Structures are given as structure tokens and as C-alpha cells.
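Colleague: upload-v4.cif is the file, holding mmCIF, C-alpha atoms:
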```cif
data_work
#
loop_
_atom_site.group_PDB
_atom_site.id
_atom_site.type_symbol
_atom_site.label_atom_id
_atom_site.label_comp_id
_atom_site.auth_asym_id
_atom_site.auth_seq_id
_atom_site.Cartn_x
_atom_site.Cartn_y
_atom_site.Cartn_z
ATOM 1 C CA MET A 1 131.596 102.157 128.042
ATOM 2 C CA GLU A 2 133.439 105.006 129.680
ATOM 3 C CA ASN A 3 137.202 105.274 129.523
ATOM 4 C CA HIS A 4 137.690 104.672 133.239
ATOM 5 C CA ASP A 5 135.858 101.342 132.935
ATOM 6 C CA VAL A 6 138.219 100.260 130.178
ATOM 7 C CA LYS A 7 141.117 101.399 132.352
ATOM 8 C CA GLN A 8 139.763 99.253 135.182
ATOM 9 C CA VAL A 9 139.621 96.230 132.901
ATOM 10 C CA GLU A 10 143.161 96.976 131.701
ATOM 11 C CA GLN A 11 144.358 97.244 135.286
ATOM 12 C CA ARG A 12 142.642 93.979 136.226
ATOM 13 C CA VAL A 13 144.354 92.249 133.309
ATOM 14 C CA LYS A 14 147.732 93.672 134.367
ATOM 15 C CA ARG A 15 147.067 92.706 137.961
ATOM 16 C CA TYR A 16 146.497 89.121 136.806
ATOM 17 C CA TRP A 17 150.257 88.746 136.269
ATOM 18 C CA TYR A 18 150.789 89.350 139.992
ATOM 19 C CA SER A 19 147.713 87.464 141.239
ATOM 20 C CA ASP A 20 149.668 84.263 141.969
ATOM 21 C CA GLY A 21 152.771 85.768 143.610
ATOM 22 C CA ILE A 22 155.072 83.806 141.277
ATOM 23 C CA ALA A 23 156.707 86.899 139.782
ATOM 24 C CA GLU A 24 157.470 88.161 143.297
ATOM 25 C CA LEU A 25 158.836 84.799 144.426
ATOM 26 C CA ALA A 26 161.217 84.752 141.458
ATOM 27 C CA SER A 27 162.295 88.412 141.611
ATOM 28 C CA GLY A 28 162.643 88.195 145.409
ATOM 29 C CA GLY A 29 164.787 85.106 144.886
ATOM 30 C CA LEU A 30 166.997 87.104 142.535
ATOM 31 C CA PHE A 31 167.367 89.813 145.200
ATOM 32 C CA VAL A 32 168.344 87.160 147.770
ATOM 33 C CA LEU A 33 170.882 85.764 145.283
ATOM 34 C CA LEU A 34 172.347 89.260 144.842
ATOM 35 C CA GLY A 35 172.446 89.659 148.625
ATOM 36 C CA LEU A 36 174.375 86.371 148.900
ATOM 37 C CA TYR A 37 176.715 87.502 146.127
ATOM 38 C CA PHE A 38 177.597 90.689 148.031
ATOM 39 C CA TRP A 39 177.770 88.752 151.303
ATOM 40 C CA LEU A 40 180.403 86.450 149.777
ATOM 41 C CA GLN A 41 182.418 89.561 148.920
ATOM 42 C CA VAL A 42 182.149 90.664 152.552
ATOM 43 C CA ILE A 43 183.287 87.219 153.752
ATOM 44 C CA PHE A 44 186.283 86.959 151.456
ATOM 45 C CA GLY A 45 187.238 90.585 151.993
ATOM 46 C CA GLU A 46 188.495 93.250 149.634
ATOM 47 C CA GLY A 47 191.647 92.478 147.696
ATOM 48 C CA SER A 48 191.260 88.695 147.797
ATOM 49 C CA ILE A 49 191.348 86.707 144.559
ATOM 50 C CA ILE A 50 187.854 85.339 145.115
ATOM 51 C CA SER A 51 186.499 88.828 145.760
ATOM 52 C CA ALA A 52 188.121 90.099 142.542
ATOM 53 C CA PHE A 53 186.673 87.128 140.668
ATOM 54 C CA LEU A 54 183.220 87.849 142.107
ATOM 55 C CA GLN A 55 183.443 91.466 140.950
ATOM 56 C CA VAL A 56 184.312 90.323 137.424
ATOM 57 C CA ILE A 57 181.351 87.947 137.199
ATOM 58 C CA LEU A 58 178.754 90.408 138.557
ATOM 59 C CA LEU A 59 177.372 91.129 135.082
ATOM 60 C CA LEU A 60 177.223 87.401 134.369
ATOM 61 C CA VAL A 61 175.386 86.781 137.648
ATOM 62 C CA MET A 62 172.863 89.519 136.755
ATOM 63 C CA ILE A 63 172.259 88.228 133.216
ATOM 64 C CA ALA A 64 171.989 84.601 134.392
ATOM 65 C CA GLY A 65 169.679 85.772 137.171
ATOM 66 C CA PHE A 66 167.310 87.594 134.801
ATOM 67 C CA ILE A 67 167.220 84.639 132.382
ATOM 68 C CA GLY A 68 166.674 82.260 135.304
ATOM 69 C CA VAL A 69 163.855 84.388 136.717
ATOM 70 C CA ARG A 70 162.125 84.524 133.327
ATOM 71 C CA TRP A 71 162.389 80.753 132.871
ATOM 72 C CA LEU A 72 161.188 80.065 136.419
ATOM 73 C CA VAL A 73 158.213 82.415 136.137
ATOM 74 C CA ASN A 74 157.115 80.964 132.770
ATOM 75 C CA THR A 75 157.521 77.363 133.968
ATOM 76 C CA LEU A 76 155.659 77.896 137.253
ATOM 77 C CA LYS A 77 152.863 79.858 135.589
ATOM 78 C CA ALA A 78 152.425 77.129 132.959
ATOM 79 C CA ARG A 79 152.149 74.507 135.718
ATOM 80 C CA LEU A 80 150.226 76.375 138.394
ATOM 81 C CA THR A 81 148.428 79.424 137.025
ATOM 82 C CA TYR A 82 147.272 78.778 133.469
ATOM 83 C CA PRO A 83 145.477 75.470 134.227
ATOM 84 C CA ARG A 84 143.651 77.146 137.133
ATOM 85 C CA THR A 85 142.694 80.609 135.973
ATOM 86 C CA GLY A 86 143.651 80.738 132.314
ATOM 87 C CA TYR A 87 146.318 82.041 130.011
ATOM 88 C CA ILE A 88 146.795 85.477 128.515
ATOM 89 C CA GLU A 89 149.469 86.822 126.268
ATOM 90 C CA TYR A 90 150.243 90.415 127.104
ATOM 91 C CA ARG A 91 150.441 93.024 124.377
ATOM 92 C CA VAL A 92 153.737 94.843 124.043
ATOM 93 C CA ASP A 93 152.704 98.475 124.082
ATOM 94 C CA ASP A 94 155.553 100.542 122.569
ATOM 95 C CA ARG A 95 154.234 103.733 124.169
ATOM 96 C CA GLU A 96 154.157 102.084 127.577
ATOM 97 C CA VAL A 97 157.669 100.647 127.135
ATOM 98 C CA LYS A 98 158.968 104.129 126.208
ATOM 99 C CA GLN A 99 157.128 105.666 129.178
ATOM 100 C CA ARG A 100 158.626 103.042 131.502
ATOM 101 C CA ARG A 101 162.135 103.747 130.199
ATOM 102 C CA TRP A 102 161.667 107.483 130.725
ATOM 103 C CA ILE A 103 160.454 106.916 134.277
ATOM 104 C CA ILE A 104 163.597 104.869 135.053
ATOM 105 C CA VAL A 105 165.939 107.408 133.384
ATOM 106 C CA ALA A 106 164.227 110.363 135.085
ATOM 107 C CA ALA A 107 164.220 108.595 138.444
ATOM 108 C CA ALA A 108 167.916 107.697 138.082
ATOM 109 C CA ALA A 109 168.791 111.312 137.209
ATOM 110 C CA VAL A 110 166.756 112.809 140.062
ATOM 111 C CA VAL A 111 168.001 110.271 142.615
ATOM 112 C CA SER A 112 171.653 110.681 141.551
ATOM 113 C CA GLY A 113 171.356 114.469 141.732
ATOM 114 C CA MET A 114 169.693 114.279 145.122
ATOM 115 C CA SER A 115 172.285 111.902 146.532
ATOM 116 C CA ILE A 116 175.154 114.150 145.386
ATOM 117 C CA VAL A 117 173.558 117.156 147.098
ATOM 118 C CA ILE A 118 172.835 115.124 150.255
ATOM 119 C CA GLU A 119 176.361 113.698 150.291
ATOM 120 C CA ILE A 120 177.804 117.221 150.366
ATOM 121 C CA TYR A 121 175.866 117.956 153.544
ATOM 122 C CA ILE A 122 176.016 114.574 155.246
ATOM 123 C CA ARG A 123 179.449 113.025 155.543
ATOM 124 C CA ASP A 124 179.987 109.259 155.591
ATOM 125 C CA LEU A 125 176.891 108.768 153.479
ATOM 126 C CA ASP A 126 176.895 105.747 151.157
ATOM 127 C CA SER A 127 175.450 107.210 147.960
ATOM 128 C CA VAL A 128 175.450 103.860 146.102
ATOM 129 C CA ILE A 129 173.028 102.228 148.537
ATOM 130 C CA LEU A 130 170.977 105.428 148.708
ATOM 131 C CA ILE A 131 170.583 105.458 144.915
ATOM 132 C CA THR A 132 169.863 101.711 144.882
ATOM 133 C CA GLY A 133 167.203 102.025 147.580
ATOM 134 C CA LEU A 134 165.496 105.062 146.081
ATOM 135 C CA LEU A 135 165.551 103.589 142.577
ATOM 136 C CA ALA A 136 164.197 100.213 143.723
ATOM 137 C CA GLY A 137 161.483 102.061 145.651
ATOM 138 C CA ILE A 138 160.507 104.256 142.709
ATOM 139 C CA ILE A 139 160.412 101.236 140.370
ATOM 140 C CA PHE A 140 158.173 99.310 142.764
ATOM 141 C CA ILE A 141 155.841 102.274 143.324
ATOM 142 C CA ALA A 142 155.808 103.978 139.928
ATOM 143 C CA LEU A 143 155.949 100.917 137.702
ATOM 144 C CA ARG A 144 154.532 97.882 139.489
ATOM 145 C CA GLY A 145 152.221 99.626 141.950
ATOM 146 C CA ARG A 146 150.804 102.167 139.517
ATOM 147 C CA ALA A 147 150.350 99.626 136.708
ATOM 148 C CA SER A 148 148.637 96.996 138.808
ATOM 149 C CA GLY A 149 147.033 99.134 141.509
ATOM 150 C CA LEU A 150 148.204 96.612 144.131
ATOM 151 C CA LYS A 151 148.941 98.167 147.514
ATOM 152 C CA ARG A 152 151.624 95.643 148.469
ATOM 153 C CA PHE A 153 153.936 97.081 145.808
ATOM 154 C CA TYR A 154 153.618 100.531 147.354
ATOM 155 C CA ALA A 155 154.564 98.975 150.716
ATOM 156 C CA LEU A 156 157.559 97.173 149.176
ATOM 157 C CA GLY A 157 158.619 100.420 147.457
ATOM 158 C CA GLY A 158 158.380 102.289 150.738
ATOM 159 C CA LEU A 159 160.424 99.596 152.473
ATOM 160 C CA ALA A 160 163.142 99.775 149.778
ATOM 161 C CA ILE A 161 163.390 103.572 150.210
ATOM 162 C CA VAL A 162 163.514 103.413 154.028
ATOM 163 C CA LEU A 163 166.068 100.583 153.914
ATOM 164 C CA GLY A 164 168.217 102.452 151.383
ATOM 165 C CA ILE A 165 168.205 105.653 153.467
ATOM 166 C CA ALA A 166 168.889 103.796 156.742
ATOM 167 C CA LEU A 167 171.796 101.788 155.317
ATOM 168 C CA SER A 168 173.283 104.840 153.578
ATOM 169 C CA LEU A 169 173.538 106.512 156.987
ATOM 170 C CA SER A 170 175.057 103.454 158.667
ATOM 171 C CA SER A 171 178.777 103.058 159.272
ATOM 172 C CA LEU A 172 178.899 99.686 157.505
ATOM 173 C CA SER A 173 180.974 99.133 154.374
ATOM 174 C CA GLN A 174 179.336 99.647 150.989
ATOM 175 C CA VAL A 175 179.394 95.925 150.130
ATOM 176 C CA THR A 176 177.838 95.031 153.505
ATOM 177 C CA ASP A 177 175.135 97.643 152.877
ATOM 178 C CA LEU A 178 174.380 96.101 149.482
ATOM 179 C CA ALA A 179 174.356 92.552 150.933
ATOM 180 C CA LEU A 180 171.929 93.598 153.688
ATOM 181 C CA PHE A 181 169.758 95.645 151.334
ATOM 182 C CA PHE A 182 169.281 92.931 148.701
ATOM 183 C CA GLY A 183 169.168 90.107 151.232
ATOM 184 C CA PHE A 184 166.567 91.678 153.507
ATOM 185 C CA LEU A 185 164.413 93.143 150.740
ATOM 186 C CA GLY A 186 164.624 89.829 148.840
ATOM 187 C CA ILE A 187 163.420 87.854 151.860
ATOM 188 C CA VAL A 188 160.501 90.270 152.341
ATOM 189 C CA ILE A 189 159.548 90.033 148.633
ATOM 190 C CA VAL A 190 159.798 86.213 148.676
ATOM 191 C CA THR A 191 157.668 86.070 151.843
ATOM 192 C CA SER A 192 155.076 88.383 150.287
ATOM 193 C CA GLY A 193 155.063 86.249 147.114
ATOM 194 C CA ALA A 194 154.720 83.028 149.134
ATOM 195 C CA PHE A 195 151.667 84.368 151.001
ATOM 196 C CA VAL A 196 150.058 85.500 147.748
ATOM 197 C CA LEU A 197 150.763 82.108 146.103
ATOM 198 C CA ARG A 198 149.339 80.233 149.075
ATOM 199 C CA ARG A 199 146.152 82.279 148.988
ATOM 200 C CA TYR A 200 145.922 81.951 145.205
ATOM 201 C CA LEU A 201 146.254 78.144 145.336
ATOM 202 C CA SER A 202 143.673 77.802 148.092
ATOM 203 C CA GLU A 203 141.203 80.075 146.275
ATOM 204 C CA ASN A 204 141.757 78.440 142.892
ATOM 205 C CA PRO A 205 141.891 74.661 143.064
ATOM 206 C CA LYS A 206 143.040 72.924 139.894
ATOM 207 C CA PRO A 207 139.968 72.049 137.801
ATOM 208 C CA ALA A 208 139.612 68.415 136.781
ATOM 209 C CA GLY A 209 139.751 67.619 133.073
ATOM 210 C CA ASP A 210 138.886 69.878 130.153
ATOM 211 C CA ASN A 211 138.085 73.394 131.228
ATOM 212 C CA ASN A 212 139.275 75.325 128.251
ATOM 213 C CA GLY A 213 136.635 75.348 125.601
ATOM 214 C CA MET B 214 118.780 116.713 117.417
ATOM 215 C CA ASP B 215 122.537 116.607 117.673
ATOM 216 C CA ASP B 216 124.405 114.263 115.322
ATOM 217 C CA ASP B 217 126.204 112.538 118.195
ATOM 218 C CA LEU B 218 122.884 111.711 119.814
ATOM 219 C CA ARG B 219 121.385 110.563 116.533
ATOM 220 C CA ASN B 220 124.432 108.345 115.926
ATOM 221 C CA LEU B 221 123.453 106.351 118.996
ATOM 222 C CA THR B 222 120.926 104.461 116.885
ATOM 223 C CA GLU B 223 123.807 103.371 114.682
ATOM 224 C CA LEU B 224 125.737 101.767 117.529
ATOM 225 C CA ASP B 225 127.260 98.391 116.724
ATOM 226 C CA ARG B 226 124.692 96.156 118.420
ATOM 227 C CA LEU B 227 126.989 93.180 118.252
ATOM 228 C CA ILE B 228 129.411 94.940 120.618
ATOM 229 C CA HIS B 229 126.717 96.817 122.539
ATOM 230 C CA GLU B 230 125.430 93.603 124.173
ATOM 231 C CA PRO B 231 126.916 93.676 127.749
ATOM 232 C CA ALA B 232 128.521 90.210 127.759
ATOM 233 C CA ARG B 233 130.097 90.701 124.333
ATOM 234 C CA LEU B 234 131.168 94.222 125.281
ATOM 235 C CA LEU B 235 133.017 92.771 128.264
ATOM 236 C CA ILE B 236 134.645 90.054 126.120
ATOM 237 C CA VAL B 237 135.769 92.608 123.521
ATOM 238 C CA THR B 238 137.020 95.009 126.226
ATOM 239 C CA ILE B 239 139.128 92.270 127.812
ATOM 240 C CA LEU B 240 140.496 91.147 124.459
ATOM 241 C CA SER B 241 141.285 94.770 123.522
ATOM 242 C CA THR B 242 143.744 94.972 126.410
ATOM 243 C CA VAL B 243 145.696 91.787 125.619
ATOM 244 C CA GLU B 244 147.342 90.124 122.649
ATOM 245 C CA SER B 245 145.300 86.960 123.222
ATOM 246 C CA ALA B 246 143.476 85.141 126.018
ATOM 247 C CA ASP B 247 142.269 81.589 126.433
ATOM 248 C CA PHE B 248 138.705 80.406 127.011
ATOM 249 C CA LEU B 249 139.254 79.721 130.707
ATOM 250 C CA PHE B 250 140.534 83.238 131.401
ATOM 251 C CA LEU B 251 137.611 84.805 129.540
ATOM 252 C CA GLN B 252 135.135 82.558 131.345
ATOM 253 C CA ARG B 253 136.506 83.533 134.746
ATOM 254 C CA GLU B 254 136.669 87.226 133.960
ATOM 255 C CA THR B 255 133.192 87.425 132.442
ATOM 256 C CA ASP B 256 131.531 84.968 134.833
ATOM 257 C CA LEU B 257 129.619 83.453 131.923
ATOM 258 C CA THR B 258 128.795 79.781 131.570
ATOM 259 C CA LYS B 259 130.745 77.760 129.009
ATOM 260 C CA GLY B 260 127.757 77.600 126.680
ATOM 261 C CA ASN B 261 127.051 81.316 126.920
ATOM 262 C CA LEU B 262 130.654 82.282 126.349
ATOM 263 C CA SER B 263 130.907 79.918 123.372
ATOM 264 C CA ALA B 264 127.779 81.413 121.846
ATOM 265 C CA HIS B 265 129.003 84.993 122.244
ATOM 266 C CA LEU B 266 132.448 84.128 120.916
ATOM 267 C CA SER B 267 130.895 82.437 117.884
ATOM 268 C CA LYS B 268 128.892 85.579 117.103
ATOM 269 C CA LEU B 269 132.003 87.729 117.394
ATOM 270 C CA GLU B 270 133.961 85.264 115.263
ATOM 271 C CA ASN B 271 131.271 85.224 112.576
ATOM 272 C CA ALA B 272 131.374 89.024 112.459
ATOM 273 C CA GLY B 273 135.144 88.863 111.945
ATOM 274 C CA TYR B 274 135.814 90.632 115.255
ATOM 275 C CA VAL B 275 137.499 87.729 117.015
ATOM 276 C CA TYR B 276 139.913 85.101 115.783
ATOM 277 C CA ILE B 277 139.613 81.772 117.584
ATOM 278 C CA LYS B 278 142.346 79.165 117.443
ATOM 279 C CA LYS B 279 141.606 75.712 118.801
ATOM 280 C CA THR B 280 144.661 73.689 119.715
ATOM 281 C CA PHE B 281 145.669 71.059 122.239
ATOM 282 C CA LYS B 282 147.926 71.367 125.227
ATOM 283 C CA GLY B 283 148.912 67.802 125.903
ATOM 284 C CA LYS B 284 145.595 65.935 125.765
ATOM 285 C CA LEU B 285 143.482 68.903 126.808
ATOM 286 C CA PRO B 286 141.866 71.281 124.318
ATOM 287 C CA LEU B 287 143.046 74.881 124.388
ATOM 288 C CA THR B 288 140.986 77.670 122.836
ATOM 289 C CA VAL B 289 142.840 80.926 122.344
ATOM 290 C CA CYS B 290 140.949 84.082 121.346
ATOM 291 C CA LYS B 291 142.311 87.240 119.805
ATOM 292 C CA LEU B 292 140.678 90.477 118.716
ATOM 293 C CA THR B 293 141.109 91.042 114.978
ATOM 294 C CA GLU B 294 141.938 94.412 113.451
ATOM 295 C CA ALA B 295 138.285 94.773 112.409
ATOM 296 C CA GLY B 296 137.274 93.981 115.985
ATOM 297 C CA GLN B 297 139.692 96.533 117.377
ATOM 298 C CA ASP B 298 138.406 99.202 114.956
ATOM 299 C CA ALA B 299 134.778 98.371 115.771
ATOM 300 C CA PHE B 300 135.501 98.613 119.494
ATOM 301 C CA GLU B 301 137.315 101.948 119.127
ATOM 302 C CA SER B 302 134.465 103.352 117.064
ATOM 303 C CA TYR B 303 131.929 102.091 119.629
ATOM 304 C CA ARG B 304 133.904 103.673 122.473
ATOM 305 C CA GLN B 305 134.074 106.972 120.643
ATOM 306 C CA GLN B 306 130.332 106.999 119.948
ATOM 307 C CA MET B 307 129.523 106.217 123.567
ATOM 308 C CA GLN B 308 131.955 108.827 124.849
ATOM 309 C CA ASN B 309 130.451 111.506 122.601
ATOM 310 C CA PHE B 310 126.979 110.538 123.759
ATOM 311 C CA ILE B 311 127.952 110.699 127.437
ATOM 312 C CA GLU B 312 129.662 114.070 126.990
ATOM 313 C CA LYS B 313 126.619 115.480 125.190
ATOM 314 C CA THR B 314 124.164 114.255 127.808
ATOM 315 C CA GLN B 315 126.305 115.501 130.703
ATOM 316 C CA SER B 316 126.781 119.030 129.350
#
```
Using the file provided, produce a representation of the structure as C-alpha cells.
Modeller:
Amino acid sequence: MENHDVKQVEQRVKRYWYSDGIAELASGGLFVLLGLYFWLQVIFGEGSIISAFLQVILLLVMIAGFIGVRWLVNTLKARLTYPRTGYIEYRVDDREVKQRRWIIVAAAAVVSGMSIVIEIYIRDLDSVILITGLLAGIIFIALRGRASGLKRFYALGGLAIVLGIALSLSSLSQVTDLALFFGFLGIVIVTSGAFVLRRYLSENPKPAGDNNG
Amino acid sequence: MDDDLRNLTELDRLIHEPARLLIVTILSTVESADFLFLQRETDLTKGNLSAHLSKLENAGYVYIKKTFKGKLPLTVCKLTEAGQDAFESYRQQMQNFIEKTQS
């Protein structure tokens, strides 16, 4: 068997994680939650006690969000996916984990550098949203898209980049930019995940009785 | 005749069989997979897949754990270290053969 055939099998196995749309539904939900979080800051305004409280609990919201997403994905997959199309435990490849970390660090460095240079030339540019958009885009394209070979991740990455650039050039406040970015992108990701899940469920009806050896 | 070409006769026939090669390739990319996943990916019948898995298990290439999830049986398969080594060696032999015949 040639190496590219093995690579194809590997890619198919990786793609299996995204075949049901559950991971997108959950991560899109987290984005929507972050959008709501920033929107609350916009509503209560800078300097208010609630806004200050929200800023303090951001880290908590993020950690709770990641734990919640993990729990939701595992629970939904155990109920919907594994009985229909089977269970696999993914191997933790140290080399791949290191490679992924380097991609994120390199992308963060390049994007930060770029945004500083751009900010010098373009006034009123929101570098935070620019970095967020470019980073989210690179992560979608370089990590999810490349690993799974699924085109929808390239589209989502492209959308994140375009959205980040557009909002960075807008005259809105930074918090409003972040609320719109996460809210809009989250809704798109959730919608994409919902379509994929719907198709997956219609193509893979739950088998009756014992189907696992 | 070149050694790489001559080595082709020493290929691991247990892995060389297409259905088993596919099973081993899938298992080489994951930590473990259940029977249902393997059946769907290989498109084999239950009986066929069971037979191939038994052969791989007897050779010490695959570890099979039969458990229950609720009232339903769950068969989880995992490539052993010997299986991984055999697969790597098979891949290498095939790659050498392909390179030699292409050049």
C-alpha cells in the first residue's frame, strides 16, 4: 500500500469526527455564547459594575465553555453517532500536537506583526478584532481544514478572515466588534453543523438491536 | 535480481490480503475502533469481518475486547505492537518494491 493511500485512510478517520456536525454545533454554540458575553458588555457600557464583573469572569466563561463543549460533544456522540456509525478512540500523536502548537504560535506571531504594521498605516483600525479574525481563520483552514480535507472549514476560515478585516475597519467599538464577530461567526458555524447533523441522521438511521459484533 | 524485489516473496501474507490490509490500515491510524466502525469502513459482512479479525487476533496483530454497553455487546479492536511493527515492515517492503519497479 502506498503512503498516499494510508494518508487517505488517516484523513477519512479524522474526517469521521466532523461527519455528524456535532463538534461544529458545540463550538459554534461557544462562539455564540462569547458573542452574547461581549454583547452584554456593550449593553451595560464601559465603567459599569456589571461590565467590570463580566471582564473579571471572562477566563471563567472560557474555561466553563470549553469544558461544556467537551461534555456536550461526548454526550451527543455517545447518543447519536456511535450507535449509528461506530466508535473510535483517536490516538494522541505527540508530533501532531507539537506541530499544531507551532502553527498556532507562528500564526499568532505573524498576525500580530502584520496588524502592527497595518495599524501604523491605517488609523482607527481595531487590531484586536483583526488578530482574532485572522487567527480564527488560520486555525479553521490550517488545522481543521487541512487535517480533515473538508471544504466547509476552508469556507468558515475565509469567512472569519473577511469578518475580522471588515470589523477592524469599522468605526464600532472594540467590544461591539468582538460581539458581532463571535455572534455572527457562531451562528454560521451552528447553522453549518445543524445541516451536517441533519444530513448525517437521514443518511444513517439508528440500527435496531445488536450491531456491534 | 534485486534484494527488494526478491523480498516480495517474503511479504506478510496475513496482512497482504486486501480486506485484512484495510482493517490493519484503519487500526494503525487510531487507538482503537469498534466492530461497527470497522464494518462500515471496510464494507465487509459481519461474518467476513469476524473471520478476518479472528485471524489477525490469532497472529497477535490485533487485540479484541468484548464488553457490553448497556445490554448491547460492544467489540473494541486495537492494533498490538506486533501488529503495528508487521504493518510498518509490510509498508516498507511494498514501498521499496514500488520504487524499484518505477525507476
Colleague: Got a sec to pull out which chain B residues are within 9 Å of chain A, counting all atoms listed in the file, and send them as number ranges by chain?
Modeller: B: 234-235, 238-239, 241-253, 259, 263, 279, 284-289, 303-304, 307-308, 311
Colleague: Quick check, in Å to one decimal: how far apart do CA of Ala160 in chain A and CA of Gly137 in chain A lie?
Modeller: 5.0 Å
Colleague: Which polymer residues, protein or nucleic acid, are no farther than 7 Å from (169.5, 103.0, 151.6), counting only C-alpha atoms, as a PyMOL selection string?
Modeller: chain A and resi 129-130+132-133+161-168
Colleague: Would you write out those residues with C-alpha atoms, as an mmCIF file, in the frame of the given file?
Modeller:
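To be explicit, this is the file written out as again10.cif:
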```cif
data_model
loop_
_atom_site.group_PDB
_atom_site.id
_atom_site.type_symbol
_atom_site.label_atom_id
_atom_site.label_comp_id
_atom_site.auth_asym_id
_atom_site.auth_seq_id
_atom_site.Cartn_x
_atom_site.Cartn_y
_atom_site.Cartn_z
ATOM 1 C CA ILE A 129 173.028 102.228 148.537
ATOM 2 C CA LEU A 130 170.977 105.428 148.708
ATOM 3 C CA THR A 132 169.863 101.711 144.882
ATOM 4 C CA GLY A 133 167.203 102.025 147.580
ATOM 5 C CA ILE A 161 163.390 103.572 150.210
ATOM 6 C CA VAL A 162 163.514 103.413 154.028
ATOM 7 C CA LEU A 163 166.068 100.583 153.914
ATOM 8 C CA GLY A 164 168.217 102.452 151.383
ATOM 9 C CA ILE A 165 168.205 105.653 153.467
ATOM 10 C CA ALA A 166 168.889 103.796 156.742
ATOM 11 C CA LEU A 167 171.796 101.788 155.317
ATOM 12 C CA SER A 168 173.283 104.840 153.578
#
```
Colleague: How many Å separate CA of Asp256 in chain B from CA of Ile236 in chain B?
Modeller: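 These atoms are spaced 10.6 Å apart.
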Colleague: List, as a ChimeraX atom specification, every residue that the PyMOL selection byres ((chain A and resi 192) around 12) selects in the file provided.
Modeller: /A:18-29,151-153,155-156,185-191,193-199
Colleague: Please expand the PyMOL selection byres ((chain A and resi 65) around 10) into the concrete residues it hits in this file, giving the result as a list in words.
Modeller: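 Checked against the file, the PyMOL selection byres ((chain A and resi 65) around 10) matches Ala26, Ser27, Gly29, Leu30, Phe31, Leu33, Leu34, Leu59, Leu60, Val61, Met62, Ile63, Ala64, Phe66, Ile67, Gly68, Val69, Arg70 and Trp71 of chain A.
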Colleague: Would you mind writing range 155-175 of chain A with N, CA and C atoms, as a PDB file, in the frame of the given file?
Modeller:
```pdb
ATOM      1  N   ALA A 155     153.919  99.287 149.433  1.00  0.00           N
ATOM      2  CA  ALA A 155     154.564  98.975 150.716  1.00  0.00           C
ATOM      3  C   ALA A 155     156.008  98.516 150.477  1.00  0.00           C
ATOM      4  N   LEU A 156     156.204  97.653 149.473  1.00  0.00           N
ATOM      5  CA  LEU A 156     157.559  97.173 149.176  1.00  0.00           C
ATOM      6  C   LEU A 156     158.446  98.329 148.710  1.00  0.00           C
ATOM      7  N   GLY A 157     157.884  99.237 147.911  1.00  0.00           N
ATOM      8  CA  GLY A 157     158.619 100.420 147.457  1.00  0.00           C
ATOM      9  C   GLY A 157     159.037 101.283 148.628  1.00  0.00           C
ATOM     10  N   GLY A 158     158.091 101.499 149.540  1.00  0.00           N
ATOM     11  CA  GLY A 158     158.380 102.289 150.738  1.00  0.00           C
ATOM     12  C   GLY A 158     159.480 101.649 151.565  1.00  0.00           C
ATOM     13  N   LEU A 159     159.408 100.320 151.700  1.00  0.00           N
ATOM     14  CA  LEU A 159     160.424  99.596 152.473  1.00  0.00           C
ATOM     15  C   LEU A 159     161.806  99.754 151.829  1.00  0.00           C
ATOM     16  N   ALA A 160     161.861  99.646 150.495  1.00  0.00           N
ATOM     17  CA  ALA A 160     163.142  99.775 149.778  1.00  0.00           C
ATOM     18  C   ALA A 160     163.754 101.155 150.021  1.00  0.00           C
ATOM     19  N   ILE A 161     162.901 102.193 150.002  1.00  0.00           N
ATOM     20  CA  ILE A 161     163.390 103.572 150.210  1.00  0.00           C
ATOM     21  C   ILE A 161     163.911 103.742 151.642  1.00  0.00           C
ATOM     22  N   VAL A 162     163.116 103.285 152.610  1.00  0.00           N
ATOM     23  CA  VAL A 162     163.514 103.413 154.028  1.00  0.00           C
ATOM     24  C   VAL A 162     164.819 102.647 154.276  1.00  0.00           C
ATOM     25  N   LEU A 163     164.885 101.424 153.735  1.00  0.00           N
ATOM     26  CA  LEU A 163     166.068 100.583 153.914  1.00  0.00           C
ATOM     27  C   LEU A 163     167.305 101.235 153.285  1.00  0.00           C
ATOM     28  N   GLY A 164     167.114 101.780 152.091  1.00  0.00           N
ATOM     29  CA  GLY A 164     168.217 102.452 151.383  1.00  0.00           C
ATOM     30  C   GLY A 164     168.735 103.644 152.175  1.00  0.00           C
ATOM     31  N   ILE A 165     167.806 104.466 152.694  1.00  0.00           N
ATOM     32  CA  ILE A 165     168.205 105.653 153.467  1.00  0.00           C
ATOM     33  C   ILE A 165     168.911 105.225 154.756  1.00  0.00           C
ATOM     34  N   ALA A 166     168.317 104.239 155.454  1.00  0.00           N
ATOM     35  CA  ALA A 166     168.889 103.796 156.742  1.00  0.00           C
ATOM     36  C   ALA A 166     170.298 103.234 156.547  1.00  0.00           C
ATOM     37  N   LEU A 167     170.470 102.391 155.538  1.00  0.00           N
ATOM     38  CA  LEU A 167     171.796 101.788 155.317  1.00  0.00           C
ATOM     39  C   LEU A 167     172.818 102.814 154.829  1.00  0.00           C
ATOM     40  N   SER A 168     172.345 103.814 154.072  1.00  0.00           N
ATOM     41  CA  SER A 168     173.283 104.840 153.578  1.00  0.00           C
ATOM     42  C   SER A 168     173.840 105.669 154.733  1.00  0.00           C
ATOM     43  N   LEU A 169     173.082 105.739 155.826  1.00  0.00           N
ATOM     44  CA  LEU A 169     173.538 106.512 156.987  1.00  0.00           C
ATOM     45  C   LEU A 169     174.333 105.654 157.978  1.00  0.00           C
ATOM     46  N   SER A 170     174.347 104.338 157.730  1.00  0.00           N
ATOM     47  CA  SER A 170     175.057 103.454 158.667  1.00  0.00           C
ATOM     48  C   SER A 170     176.570 103.523 158.437  1.00  0.00           C
ATOM     49  N   SER A 171     177.311 102.996 159.397  1.00  0.00           N
ATOM     50  CA  SER A 171     178.777 103.058 159.272  1.00  0.00           C
ATOM     51  C   SER A 171     179.341 101.773 158.652  1.00  0.00           C
ATOM     52  N   LEU A 172     178.447 100.945 158.118  1.00  0.00           N
ATOM     53  CA  LEU A 172     178.899  99.686 157.505  1.00  0.00           C
ATOM     54  C   LEU A 172     179.557  99.954 156.157  1.00  0.00           C
ATOM     55  N   SER A 173     180.333  98.957 155.679  1.00  0.00           N
ATOM     56  CA  SER A 173     180.974  99.133 154.374  1.00  0.00           C
ATOM     57  C   SER A 173     179.911  99.073 153.268  1.00  0.00           C
ATOM     58  N   GLN A 174     180.294  99.582 152.094  1.00  0.00           N
ATOM     59  CA  GLN A 174     179.336  99.647 150.989  1.00  0.00           C
ATOM     60  C   GLN A 174     178.832  98.254 150.585  1.00  0.00           C
ATOM     61  N   VAL A 175     179.772  97.282 150.542  1.00  0.00           N
ATOM     62  CA  VAL A 175     179.394  95.925 150.130  1.00  0.00           C
ATOM     63  C   VAL A 175     178.462  95.294 151.171  1.00  0.00           C
TER      64      VAL A 175
END
```
